[in-house]
file work.txt (compact mmCIF, C-alpha atoms)
# COMPACT_ATOMS: atom_id res chain seq x y z
CA MET A 1 -23.03 12.07 -13.69
CA VAL A 2 -24.67 10.81 -10.50
CA THR A 3 -27.21 8.16 -11.49
CA LYS A 4 -30.21 7.13 -9.38
CA ASP A 5 -28.36 3.97 -8.39
CA LEU A 6 -25.29 5.92 -7.27
CA GLN A 7 -27.44 8.44 -5.39
CA LYS A 8 -28.95 5.55 -3.44
CA LYS A 9 -25.43 4.39 -2.56
CA ILE A 10 -24.47 7.91 -1.47
CA ASP A 11 -27.58 8.23 0.69
CA ARG A 12 -26.98 4.80 2.20
CA ALA A 13 -23.35 5.66 2.98
CA ILE A 14 -24.32 8.92 4.68
CA ARG A 15 -27.01 7.19 6.74
CA LEU A 16 -24.46 4.57 7.81
CA LEU A 17 -22.01 7.22 8.98
CA GLN A 18 -24.67 9.21 10.78
CA GLY A 19 -25.91 6.04 12.44
CA ILE A 20 -22.42 5.24 13.71
CA GLN A 21 -22.13 8.74 15.15
CA ASN A 22 -25.58 8.63 16.74
CA GLY A 23 -25.12 8.01 20.46
CA TYR A 24 -21.32 8.18 20.19
CA ASP A 25 -19.77 11.35 21.60
CA GLY A 26 -16.23 10.83 20.31
CA GLU A 27 -14.61 11.54 16.98
CA ILE A 28 -14.48 8.88 14.27
CA GLU A 29 -11.29 8.24 12.35
CA VAL A 30 -11.21 8.53 8.58
CA ALA A 31 -8.35 6.24 7.55
CA TYR A 32 -6.94 8.53 4.91
CA SER A 33 -4.31 7.11 2.54
CA GLY A 34 -4.35 9.88 -0.03
CA GLY A 35 -5.99 7.54 -2.54
CA LYS A 36 -9.16 8.07 -4.55
CA ASP A 37 -11.32 6.00 -2.21
CA SER A 38 -9.99 7.94 0.77
CA ASP A 39 -10.98 11.18 -0.94
CA VAL A 40 -14.48 9.78 -1.40
CA ILE A 41 -14.95 8.67 2.21
CA LEU A 42 -13.55 11.97 3.46
CA GLN A 43 -16.11 13.86 1.37
CA LEU A 44 -18.88 11.55 2.61
CA ALA A 45 -17.84 12.20 6.21
CA LYS A 46 -18.11 15.93 5.56
CA GLU A 47 -21.53 15.59 3.95
CA ALA A 48 -22.76 13.35 6.77
CA GLY A 49 -21.86 16.05 9.29
CA ILE A 50 -20.16 13.63 11.67
CA ARG A 51 -17.27 14.42 14.01
CA TYR A 52 -14.18 12.95 12.40
CA ARG A 53 -10.39 13.08 12.23
CA ALA A 54 -8.74 12.28 8.92
CA ILE A 55 -5.50 10.46 9.72
CA TYR A 56 -2.76 9.53 7.29
CA ARG A 57 -0.24 6.89 8.32
CA ASN A 58 2.99 7.83 6.59
CA THR A 59 4.67 4.69 5.22
CA THR A 60 7.69 6.74 4.02
CA ILE A 61 7.46 5.04 0.59
CA ASP A 62 4.24 6.41 -0.88
CA PRO A 63 4.34 7.76 -4.47
CA PRO A 64 5.62 11.28 -5.17
CA GLY A 65 3.05 13.99 -4.53
CA THR A 66 1.14 11.98 -1.92
CA ILE A 67 2.26 13.97 1.13
CA VAL A 68 1.45 17.27 -0.60
CA HIS A 69 -2.03 15.97 -1.49
CA VAL A 70 -2.60 14.71 2.05
CA GLY A 71 -1.67 18.11 3.45
CA ARG A 72 -3.93 19.87 0.97
CA MET A 73 -6.84 17.71 2.11
CA GLY A 74 -6.22 18.61 5.75
CA ALA A 75 -5.39 15.13 7.05
CA GLU A 76 -3.18 14.64 10.09
CA ILE A 77 0.12 12.95 9.28
CA LEU A 78 1.36 10.25 11.65
CA ARG A 79 5.06 9.61 11.15
CA PRO A 80 6.45 6.18 12.11
CA LYS A 81 9.15 5.57 14.70
CA GLU A 82 11.20 3.85 12.00
CA THR A 83 11.16 4.38 8.25
CA PHE A 84 10.57 1.56 5.79
CA PHE A 85 14.26 1.26 4.98
CA GLN A 86 15.24 1.26 8.65
CA LEU A 87 12.90 -1.70 9.06
CA VAL A 88 14.49 -3.45 6.07
CA ALA A 89 17.91 -2.95 7.62
CA LYS A 90 16.63 -4.72 10.76
CA LYS A 91 14.43 -7.43 9.24
CA GLY A 92 15.47 -7.92 5.60
CA PHE A 93 13.32 -7.58 2.50
CA PRO A 94 9.57 -7.88 3.10
CA ASN A 95 7.54 -10.35 1.06
CA ARG A 96 4.05 -11.78 0.81
CA PHE A 97 4.69 -14.01 3.80
CA SER A 98 6.55 -11.47 5.94
CA ARG A 99 4.61 -8.21 5.86
CA PHE A 100 6.27 -6.51 8.80
CA CYS A 101 6.14 -3.20 6.94
CA CYS A 102 2.32 -3.25 6.88
CA GLU A 103 2.16 -4.03 10.59
CA LYS A 104 4.56 -1.27 11.59
CA LEU A 105 3.64 1.42 9.07
CA LYS A 106 -0.03 0.98 8.14
CA GLU A 107 -2.04 -1.56 10.10
CA TYR A 108 -2.24 -0.27 13.63
CA LYS A 109 -4.97 1.19 15.79
CA VAL A 110 -5.38 4.92 16.34
CA MET A 111 -9.05 5.38 17.27
CA ASP A 112 -11.90 3.10 18.37
CA LYS A 113 -14.05 3.67 15.28
CA CYS A 114 -12.53 3.92 11.83
CA ILE A 115 -13.99 4.66 8.39
CA MET A 116 -12.13 2.85 5.62
CA GLY A 117 -12.36 3.04 1.83
CA VAL A 118 -12.64 -0.69 1.27
CA ARG A 119 -14.50 -1.76 -1.89
CA LYS A 120 -15.46 -5.29 -2.92
CA SER A 121 -14.86 -4.58 -6.60
CA GLU A 122 -11.13 -3.93 -6.05
CA SER A 123 -10.27 -7.63 -6.08
CA SER A 124 -11.77 -11.10 -5.90
CA LYS A 125 -10.23 -11.58 -2.47
CA ARG A 126 -11.90 -8.46 -1.14
CA ASN A 127 -15.18 -9.54 -2.70
CA GLU A 128 -14.99 -12.78 -0.74
CA ARG A 129 -13.56 -11.26 2.43
CA TYR A 130 -15.93 -8.35 3.03
CA ASN A 131 -19.68 -8.85 3.30
CA GLU A 132 -20.97 -6.32 5.83
CA PRO A 133 -20.58 -2.52 6.00
CA THR A 134 -19.19 -2.75 9.53
CA GLU A 135 -17.09 -5.29 11.39
CA CYS A 136 -14.91 -5.75 14.44
CA ARG A 137 -11.19 -5.75 13.68
CA PHE A 138 -8.18 -6.40 15.85
CA TYR A 139 -4.67 -5.12 15.28
CA GLY A 140 -2.37 -7.62 16.92
CA ARG A 141 -3.66 -9.57 19.90
CA LYS A 142 -7.41 -9.82 20.40
CA THR A 143 -7.70 -7.45 23.33
CA GLU A 144 -9.96 -4.48 23.93
CA ALA A 145 -7.00 -2.16 23.49
CA ASN A 146 -6.50 -3.47 19.93
CA HIS A 147 -10.17 -3.54 18.97
CA VAL A 148 -11.52 -1.25 16.23
CA GLU A 149 -15.00 -0.92 14.79
CA ALA A 150 -14.33 -0.68 11.06
CA ILE A 151 -16.88 1.06 8.83
CA TYR A 152 -17.00 0.56 5.05
CA PRO A 153 -19.42 3.13 3.54
CA ILE A 154 -18.43 2.50 -0.10
CA LEU A 155 -18.11 -1.27 0.10
CA ASP A 156 -20.41 -1.87 -2.90
CA TRP A 157 -19.16 1.04 -5.05
CA THR A 158 -17.63 0.40 -8.46
CA ASP A 159 -14.81 2.32 -10.15
CA ASN A 160 -17.46 4.11 -12.24
CA ASP A 161 -19.27 5.13 -9.06
CA VAL A 162 -16.07 6.56 -7.63
CA LEU A 163 -15.30 8.46 -10.84
CA ALA A 164 -18.82 9.88 -11.08
CA PHE A 165 -18.74 11.01 -7.44
CA VAL A 166 -15.28 12.57 -7.79
CA GLU A 167 -16.33 14.49 -10.89
CA ASP A 168 -19.69 15.55 -9.44
CA ARG A 169 -18.04 16.90 -6.26
CA HIS A 170 -15.12 18.40 -8.21
CA LEU A 171 -12.59 16.58 -6.04
CA THR A 172 -8.89 16.88 -6.80
CA LEU A 173 -7.06 13.56 -6.53
CA ALA A 174 -3.43 12.67 -5.92
CA PRO A 175 -1.13 13.06 -8.97
CA VAL A 176 -0.91 9.31 -9.60
CA TYR A 177 -4.52 9.26 -10.87
CA TYR A 178 -4.03 11.70 -13.73
CA THR A 179 -2.90 10.79 -17.22
CA SER A 180 -0.45 12.90 -19.23
CA ARG A 181 -3.51 14.66 -20.69
CA GLY A 182 -4.89 15.51 -17.26
CA GLN A 183 -7.69 12.95 -17.35
CA ILE A 184 -8.60 10.91 -14.29
CA ASP A 185 -7.81 7.20 -14.38
CA VAL A 186 -9.54 5.55 -11.41
CA SER A 187 -8.24 2.11 -12.40
CA LYS A 188 -4.93 3.12 -10.84
CA ARG A 189 -4.24 2.45 -7.19
CA LEU A 190 -2.17 4.43 -4.75
CA GLY A 191 -0.03 2.14 -2.63
CA CYS A 192 3.48 1.76 -1.31
CA MET A 193 6.10 2.07 -4.01
CA CYS A 194 7.55 -1.30 -5.10
CA CYS A 195 5.26 -3.16 -2.70
CA PRO A 196 5.92 -6.95 -2.68
CA LEU A 197 2.15 -7.51 -2.73
CA ALA A 198 1.92 -5.89 -6.16
CA THR A 199 2.09 -8.04 -9.28
CA GLU A 200 5.56 -9.01 -10.47
CA ARG A 201 5.20 -6.84 -13.58
CA LYS A 202 3.95 -3.78 -11.69
CA ARG A 203 6.69 -4.05 -9.10
CA ILE A 204 9.44 -4.26 -11.72
CA LEU A 205 7.97 -1.28 -13.58
CA TYR A 206 7.97 0.71 -10.35
CA PHE A 207 11.67 0.03 -9.82
CA LYS A 208 12.38 0.98 -13.43
CA ASP A 209 10.42 4.21 -13.10
CA TYR A 210 12.09 5.04 -9.78
CA PRO A 211 15.52 3.35 -9.92
CA ARG A 212 16.74 5.17 -6.82
CA MET A 213 14.26 3.00 -4.91
CA ALA A 214 16.28 -0.02 -6.04
CA ARG A 215 19.44 1.59 -4.72
CA ALA A 216 17.75 2.39 -1.39
CA TYR A 217 16.49 -1.22 -1.14
CA LEU A 218 19.99 -2.56 -1.78
CA ARG A 219 21.62 -0.25 0.74
CA ALA A 220 19.14 -1.22 3.45
CA GLY A 221 19.48 -4.88 2.48
CA GLN A 222 23.27 -4.60 2.69
CA ARG A 223 23.00 -3.23 6.24
CA PHE A 224 20.86 -6.23 7.16
CA TRP A 225 23.37 -8.53 5.44
CA ASN A 226 26.31 -7.03 7.33
CA ASN A 227 24.60 -7.11 10.73
CA HIS A 228 23.09 -10.61 10.51
CA PRO A 229 25.88 -13.08 9.70
CA ASP A 230 23.69 -16.07 10.58
CA ALA A 231 20.71 -15.02 8.45
CA LYS A 232 19.33 -17.69 6.11
CA VAL A 233 19.69 -15.39 3.10
CA ARG A 234 23.45 -15.35 3.61
CA GLN A 235 23.48 -19.12 3.37
CA ARG A 236 21.41 -19.11 0.20
CA TYR A 237 22.80 -16.15 -1.75
CA ASP A 238 26.30 -14.92 -2.47
CA ASN A 239 25.54 -11.25 -1.99
CA VAL A 240 22.73 -8.71 -1.63
CA TYR A 241 22.46 -8.22 -5.41
CA GLU A 242 21.65 -11.88 -5.92
CA TRP A 243 19.17 -11.78 -3.04
CA PHE A 244 17.45 -8.70 -4.47
CA ALA A 245 17.32 -10.09 -8.03
CA ARG A 246 15.69 -13.26 -6.74
CA ASP A 247 13.20 -11.26 -4.67
CA VAL A 248 12.09 -8.93 -7.47
CA PHE A 249 12.48 -10.81 -10.75
CA PHE A 250 12.10 -14.49 -9.89
CA PRO A 251 9.32 -15.11 -7.35
CA ARG A 252 8.91 -18.69 -8.62
CA GLU A 253 11.60 -21.13 -7.60
CA LYS A 254 11.72 -22.95 -10.94
CA ASP A 255 12.38 -19.67 -12.76
CA TRP A 256 15.12 -18.77 -10.30
CA GLN A 257 16.84 -22.10 -10.67
CA LYS A 258 16.78 -21.79 -14.44
CA ALA A 259 18.13 -18.21 -14.38
CA ASN A 260 20.85 -18.89 -11.83
CA VAL A 261 22.50 -21.82 -13.60
CA SER A 262 24.35 -21.65 -16.91
CA LEU A 263 27.42 -23.05 -18.69
CA PHE A 264 29.30 -19.94 -17.63
CA GLY A 265 28.41 -20.11 -13.94
CA LYS A 266 26.23 -17.72 -12.00
CA PRO A 267 25.22 -14.45 -13.65
CA ASP A 268 26.69 -11.16 -12.43
CA TRP A 269 23.55 -10.01 -10.64
CA LYS A 270 24.85 -6.51 -9.96
CA ASP A 271 25.40 -6.05 -13.68
CA PHE A 272 21.96 -7.54 -14.40
CA LEU A 273 20.25 -5.09 -12.05
CA GLU A 274 22.17 -2.10 -13.39
CA ARG A 275 21.15 -2.96 -16.94
CA GLU A 276 17.51 -3.43 -15.93
CA PHE A 277 17.27 -0.19 -13.94
CA GLY A 278 19.77 1.95 -15.83
CA ILE A 279 21.55 3.16 -12.72
CA ASP A 280 24.86 2.57 -10.94
CA LEU A 281 24.14 0.34 -7.98
CA THR A 282 27.58 0.29 -6.40
CA LEU A 283 27.13 0.27 -2.65

call {"tool": "encode", "arguments": {"input": "work.txt", "output": "structure tokens"}}
result
Amino acid sequence: MVTKDLQKKIDRAIRLLQGIQNGYDGEIEVAYSGGKDSDVILQLAKEAGIRYRAIYRNTTIDPPGTIVHVGRMGAEILRPKETFFQLVAKKGFPNRFSRFCCEKLKEYKVMDKCIMGVRKSESSKRNERYNEPTECRFYGRKTEANHVEAIYPILDWTDNDVLAFVEDRHLTLAPVYYTSRGQIDVSKRLGCMCCPLATERKRILYFKDYPRMARAYLRAGQRFWNNHPDAKVRQRYDNVYEWFARDVFFPREKDWQKANVSLFGKPDWKDFLEREFGIDLTL
């Protein structure tokens, strides 16, 4: 049900989008990820009557069903020059401090003005980071060529607002948002599978749910290992299994040190991973 408070937010979002279009002859990008918030901003763009292009940046590791949903919603699909695992083979495993995958696959400029489904309620960091419905953003160096005017029409929307809007407009979401009973769960988020920015628990669960992702990670990591004999990881770890186990299961150094030392020597990390994921990980 759309409450009076939500209707005010909807009206404000539409006025914002129309104001951005006013006096601007070009099309405005809708940064479409296939997620619930992207579905909301796409619908708002339609209702605002602005000239837009919905653009999906294919990361090559989005959850199953995402591409089908993106196509159903009519978004353009931009495919990267290199897949995620090709990047891993060149640069190693990404982590919170080395987010090359985001830079190459998600965070790059396409159009001068871009509508994004950013919401403050998604996290405390976002609540602190975002304060205005529009801002200037740069992708890479601060040059005019990299400048984007970012627009956040649902910045102050809550999960309940999103759910009410989705239900009122009868929007169909990506498969990840539906429970086994077919109910919508807007607390879920659509992001890259096994993303290192996810919580430790969520990332491990992803690998357990999709164990072939673990195998693909290891194969790409092994290619990096073979082609970079002077890499620091080769000095620190005995093999790619040990490197991967450290990366996924032991983000804290003290936990890793405790797990990697015993009376019987180092654990067999290949065996450990195979037991955790229930899959043969022979490379």

call {"tool": "residues_near_point", "arguments": {"input": "work.txt", "point": "(-10.9, 14.5, 4.6)", "cutoff": "12 Å", "atoms": "all atoms listed in the file", "output": "ChimeraX atom specification"}}
result
/A:28-47,50-56,69-76,115-117,171-173

call {"tool": "closest_residue", "arguments": {"input": "work.txt", "among": "A:Glu276, A:Asp112, A:Asp5, A:Asp161", "to": "A:Tyr139", "atoms": "only C-alpha atoms"}}
result
A:Asp112

call {"tool": "residues_around", "arguments": {"input": "work.txt", "residues": "A:Ala216", "least_positions_apart": "5", "cutoff": "12 Å", "atoms": "all atoms listed in the file", "output": "list in words"}}
result
Ile61, Thr83, Phe84, Phe85, Gln86, Val88, Ala89, Phe93, Met193, Cys194, Phe207, Tyr210, Pro211, Gly221, Gln222, Arg223, Phe244, Ile279, Asp280, Leu281, Thr282 and Leu283 of chain A

call {"tool": "atom_distance", "arguments": {"input": "work.txt", "atom1": "atom CA of A:Lys90", "atom2": "atom CA of A:Ile204"}}
result
23.6 Å

call {"tool": "closest_residue", "arguments": {"input": "work.txt", "among": "A:Val186, A:Tyr178, A:Leu105, A:Asn227", "to": "A:Thr158", "atoms": "all atoms listed in the file"}}
result
A:Val186

call {"tool": "axis_aligned_box", "arguments": {"input": "work.txt", "around": "stretch 62-78 of chain A", "padding_each_side": "6 Å", "output": "AutoDock Vina command-line options"}}
result
--center_x -0.6 --center_y 13.1 --center_z 3.2 --size_x 24.5 --size_y 25.5 --size_z 28.8

call {"tool": "closest_residue", "arguments": {"input": "work.txt", "among": "A:Val2, A:Leu16, A:Pro133, A:Glu82", "to": "A:Ala164", "atoms": "only C-alpha atoms"}}
result
A:Val2

call {"tool": "residues_around", "arguments": {"input": "work.txt", "residues": "A:Lys113", "least_positions_apart": "5", "cutoff": "10 Å", "atoms": "all atoms listed in the file", "output": "list in words"}}
result
Ile20, Gln21, Tyr24, Gly26, Glu27, Ile28, Glu29, Val30, Ala31, Tyr52, Cys136, Arg137, His147, Val148, Glu149, Ala150 and Ile151 of chain A

call {"tool": "closest_residue", "arguments": {"input": "work.txt", "among": "A:Glu200, A:Glu274, A:Asp185, A:Asp159", "to": "A:Leu218", "atoms": "only C-alpha atoms"}}
result
A:Glu274

call {"tool": "atom_distance", "arguments": {"input": "work.txt", "atom1": "atom CA of A:Thr59", "atom2": "atom CA of A:Pro80"}}
result
7.3 Å

call {"tool": "closest_residue", "arguments": {"input": "work.txt", "among": "A:Val240, A:Gly92, A:Ala214, A:Ala174", "to": "A:Ile67", "atoms": "only C-alpha atoms"}}
result
A:Ala174

call {"tool": "atom_distance", "arguments": {"input": "work.txt", "atom1": "atom CA of A:Asp62", "atom2": "atom CA of A:Lys91"}}
result
19.9 Å

call {"tool": "closest_residue", "arguments": {"input": "work.txt", "among": "A:Pro94, A:Pro251, A:Pro64, A:Pro153", "to": "A:Gly19", "atoms": "only C-alpha atoms"}}
result
A:Pro153

call {"tool": "residues_around", "arguments": {"input": "work.txt", "residues": "A:Arg119", "least_positions_apart": "2", "cutoff": "8 Å", "atoms": "only C-alpha atoms", "output": "ChimeraX atom specification"}}
result
/A:117,121-122,126-127,152,154-158
